[in-house]
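Structure first, commentary second.
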Amino acid sequence: MCGIVGYIGDGHAKDIIIEGLKKLEYRGYDSSGIALYIDGKIQVRKQMGRIANLEAVITEKEFDSHLGIGHTRWATHGAPSDVNAHPHGNGDETVAVVHNGIIENYVELREWLSREHGVKFRSETDTEVIAHLIGIYYDGDLVDAVYRAVEKMKGAYAIGVVSSHEPDKIVAVRKDSPLVAGLGEGCNFIASDIPALLRHVRKIYLIENNEVVVLTTGDIKIFNQDRKEVHREVFHVTWDAASAEKDGFDHFMLKEIHEQPKAIEETLSRRLDADGLVKLDGIRMTKEDIESFQKVYIVACGTAYHAGLIGKHAIEKLAKIPVEVDVASEFRYRDPFVDDKTLFIAISQSGETLDTLAALREAKRKGARVLSVVNVVGSSVARESDDVFYTWAGPEIAVASTKAYTTQLVCMYLIALFMGRTKGSLDVETYQSVIRELSAIPEKLRGLLTKEEEIDAIAKDLYRCESVFFIGRGPDASVSFEGSLKLKEISYINSFAVAAGELKHGTIALIEQGTVVIALATQERLFDKMLSNIQEVKARGARVLGIAKEGNVGMEQQADWMITIPDCHDDVAPLMSVVPLQLLAYHIAKLRGCDIDKPKNLAKSVTVE
Ligand code: AGP
């Protein structure tokens with residue numbers, strides 16, 4: 001997610017904006033920039049890398065102003081670079097724009113602007129389109145030009161606009177991306193996040209969807225989609241700066257767990273066209289390529305590896321290609337059977353995990369086609385792949401991966417659907433039903449997240465446990481491995497996941513009076529088998545937390561605790577069953593006083609052997 005800061009007032013816009021951008025650095029970014037109104041013109045400076053790089057190019061004394069907008073970019077469309085950094089101008093820089101979000105129809109708009117208006121684009125971004133739209137619609141009224149521009153845009157966006165035509169105002173718009181306006185003394189602000197403004201203001205307007213905000217030095221006006229002014233209560237921020245970075249959540253991990261519905265919507269956005277057909281940007285695989293694959297290897301580490309396990313279920317079922325899943329640290333040393341008939345899928349949130357990168361290079365050396373599923377645009381794994389499919393989860397700050405995992409699952413389903421339809425192994429009904437199921441997940445997740453208190457109560461029963469077992473069958477076994485990793489890496493409880501059918505082959509020797517077993521049973525065709533496994537461990541004294549779909553019959557009687565997930569097709573259940581496990585791990589770790597966002601011995605990106 002990008003960071004936006006805008007200022008208009010009596011003070012020094014440059015310093016105030018740069019300082020505000022620095023308050024947003026925690027969100028992660030790959031470039032930054034600023035646009036200031038100076039001597040009748042909009043001056044734009046932007047640099048790849050840290051904000052210090054930007055500061056190094058705006059040292060001139062006269063480079064200051066009463067009006068400006070600034071931006072930290074987290075790349076989604078267009079690799080990190082100076083030219084792709086924001087703000088973006090409209091060619092003659094009479095308009096400059098900063099943007100957070102995704103313009104879903106930017107390709108069509110770029111083509112239209114080039115064809116009908118002779119626009120020459122300088123960047124690869126969707127954002128530049130906005131600046132040109134406002135520029136061509138400007139006819140003496142900046143607010144009107146902005147309204148007309150956003151009417152052509154589809155997608156999620158928060159934008160800030162300045163213009164040398166009207167240097168007495170900032171215009172900003174919100175649609176599905178966060179935006180606030182700050183009320184100051186002799187100055188006013190816009191920002192994508194409250195932390196950017198806290199040093200200067202605590203009176204905030206929370207801008208709602210499809211609203212346009214017009215700021216002058218002494219005034220903030222808010223208008224709705226029909227251009228009618230709306231009244232908005234002032235929100236008085238009482239948070240300190242540290243908690244404001246987490247939007248009021250106690251930890252980034254909890255914030256990111258709650259961001260999952262939005263992250264999944266973003267990852268799905270632009271990948272389902274008007275007819276609901278899957279369109280995979282960044283993937284150039286042809287029908288011939290897909291038909292030539294005799295095997296898929298999915299290789300990753302940790303949580304990303306667990307996402308690969310679900311990817312196996314999806315690709316084998318929907319694309320009918322055999323899939324092998326391997327941890328990268330093993331794959332790279334086993335001299336794997338890989339050739340030019342292999343599709344190698346690397347999954348990596350950071351795109352910098354050394355083992356995964358090394359495995360990818362080994363697969364390429366052996367002739368495989370490499371597709372990567374990555375969250376960081378322009379990262380090493382992305383750059384070295386033949387095709388890249390981005391999770392648009394936004395920056396994931398907590399070491400424990402949550403929203404990256406669920407968006408990786410979404411990418412697995414989309415790749416499986418795309419390959420299945422392309423090679424004709426997937427009938428339309430199944431294809432469309434899976435897409436319907438995926439599209440319904442964000443709302444179902446929002447409902448599931450309201451059970452957090454119920455899950456916290458269970459955490460209070462469990463947080464003193466010395467060990468916890470996770471069991472499941474099929475996709476539930478794969479999710480069990482992820483739930484176990486979440487618990488152990490942030491609460492330091494010794495946790496173990498095992499396929500439920502494997503219990504009797506050894507692990508059940510460890511079950512004794514009071515042992516806690518978390519049993520996932522979301523797969524209807526395996527539900528009775530799971531009930532038997534629960535009876536097995538209960539008979540040996542275990543206490544069982546059951547995770548099953550609403551409406552399941554029989555688990556409540558068996559389990560000591562129950563968490564139900566909204567009804568859904570078995571195939572997409574992992575997108576929901578993992579969330580109670582994330583929340584449970586979080587609340588247990590919190591009760592144990594652990595350093596949740598930065599667990600001991602762990603790093604967010606493991607760039608060493
Ligand atoms: C996940 O909670 C862990 N922090 C860790 O297992 C992580 O998933 C693994 O290191 C892979 O990282 P990547 O996705 O950035 O490659």
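Residue numbering restarts at 1 in every chain; chains get A, B, ... in the order shown in the structure tokens, and ligands count up from 1 in that same order.
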Considering only C-alpha atoms, return as a VMD selection string whatever protein or nucleic-acid residues lie within 12 Å of Arg174 in chain A, sequence-local ones (same chain, fewer than 2 positions apart) excluded. chain A and resid 4 99 to 101 146 to 147 150 155 to 161 171 to 172 176 to 181 190 to 192 206 to 214 222 to 225
Would you save the residues from that selection as an mmCIF file, in the first residue's frame, using C-alpha atoms?
data_model
loop_
_atom_site.group_PDB
_atom_site.id
_atom_site.type_symbol
_atom_site.label_atom_id
_atom_site.label_comp_id
_atom_site.auth_asym_id
_atom_site.auth_seq_id
_atom_site.Cartn_x
_atom_site.Cartn_y
_atom_site.Cartn_z
ATOM 1 C CA ILE A 4 0.144 9.802 0.593
ATOM 2 C CA HIS A 99 -2.256 7.614 -5.858
ATOM 3 C CA ASN A 100 -2.747 4.614 -3.604
ATOM 4 C CA GLY A 101 -4.641 1.634 -5.044
ATOM 5 C CA VAL A 146 -11.244 15.532 -11.051
ATOM 6 C CA TYR A 147 -14.879 14.426 -10.944
ATOM 7 C CA VAL A 150 -12.719 9.531 -11.705
ATOM 8 C CA GLY A 155 -10.830 0.137 -9.274
ATOM 9 C CA ALA A 156 -9.668 1.151 -5.819
ATOM 10 C CA TYR A 157 -7.917 4.473 -5.306
ATOM 11 C CA ALA A 158 -7.094 7.296 -2.987
ATOM 12 C CA ILE A 159 -5.675 10.227 -4.941
ATOM 13 C CA GLY A 160 -4.273 13.654 -4.163
ATOM 14 C CA VAL A 161 -4.151 16.335 -6.864
ATOM 15 C CA VAL A 171 -8.272 18.036 -4.332
ATOM 16 C CA ALA A 172 -8.421 14.446 -3.076
ATOM 17 C CA ASP A 176 -11.867 1.809 -1.507
ATOM 18 C CA SER A 177 -8.415 3.008 -0.398
ATOM 19 C CA PRO A 178 -7.873 4.815 2.906
ATOM 20 C CA LEU A 179 -7.803 8.637 2.950
ATOM 21 C CA VAL A 180 -8.004 11.160 5.768
ATOM 22 C CA ALA A 181 -7.965 14.961 5.906
ATOM 23 C CA ILE A 190 -4.447 14.934 3.388
ATOM 24 C CA ALA A 191 -2.900 11.548 4.094
ATOM 25 C CA SER A 192 -3.436 7.868 3.410
ATOM 26 C CA LEU A 206 -12.316 10.238 7.889
ATOM 27 C CA ILE A 207 -13.133 10.407 4.177
ATOM 28 C CA GLU A 208 -15.708 7.914 2.998
ATOM 29 C CA ASN A 209 -16.038 6.097 -0.298
ATOM 30 C CA ASN A 210 -16.693 8.126 -3.457
ATOM 31 C CA GLU A 211 -16.117 11.405 -1.655
ATOM 32 C CA VAL A 212 -14.122 14.334 -3.014
ATOM 33 C CA VAL A 213 -12.280 16.579 -0.578
ATOM 34 C CA VAL A 214 -11.243 20.153 -1.372
ATOM 35 C CA ILE A 222 -16.242 17.258 1.519
ATOM 36 C CA PHE A 223 -18.520 16.430 -1.409
ATOM 37 C CA ASN A 224 -20.346 13.245 -2.332
ATOM 38 C CA GLN A 225 -20.589 11.520 -5.702
#
Quick one: which chain A residues come within 6 Å of ligand 1, and what is the nearest atom pair for each with the distance in Å to one decimal, counting only C-alpha atoms and all ligand atoms, rows ordered by chain and ascending number, as a Markdown table?
| residue | atom | partner | partner_atom_place_in_ligand_line | distance |
| --- | --- | --- | --- | --- |
| A:Cys301 | CA | ligand 1 | 11 (C) | 4.6 |
| A:Gly302 | CA | ligand 1 | 6 (O) | 3.2 |
| A:Thr303 | CA | ligand 1 | 8 (O) | 3.7 |
| A:Ala304 | CA | ligand 1 | 14 (O) | 4.9 |
| A:Ser348 | CA | ligand 1 | 14 (O) | 3.5 |
| A:Gln349 | CA | ligand 1 | 14 (O) | 3.6 |
| A:Ser350 | CA | ligand 1 | 15 (O) | 3.6 |
| A:Gly351 | CA | ligand 1 | 15 (O) | 5.6 |
| A:Thr353 | CA | ligand 1 | 16 (O) | 4.6 |
| A:Val399 | CA | ligand 1 | 4 (N) | 4.8 |
| A:Ala400 | CA | ligand 1 | 2 (O) | 3.4 |
| A:Ser401 | CA | ligand 1 | 2 (O) | 3.8 |
| A:Lys604 | CA | ligand 1 | 4 (N) | 5.7 |
| A:Ser605 | CA | ligand 1 | 15 (O) | 5.2 |
| A:Val606 | CA | ligand 1 | 10 (O) | 5.6 |
Name the residues of range 409-512 of chain A that come out as helix (DSSP H, G or I) in a backbone DSSP run; write them as a ChimeraX atom specification. /A:409-422,428-462,475-491,500-505,507-510
Among range 3-252 of chain A, which residues carry a DSSP assignment of strand (DSSP E or B), reported as a ChimeraX atom specification? /A:3-9,31-38,41-48,67-73,88-89,95-103,155-163,170-176,180-183,187-191,203-206,211-216,219-223,229-230,235-236
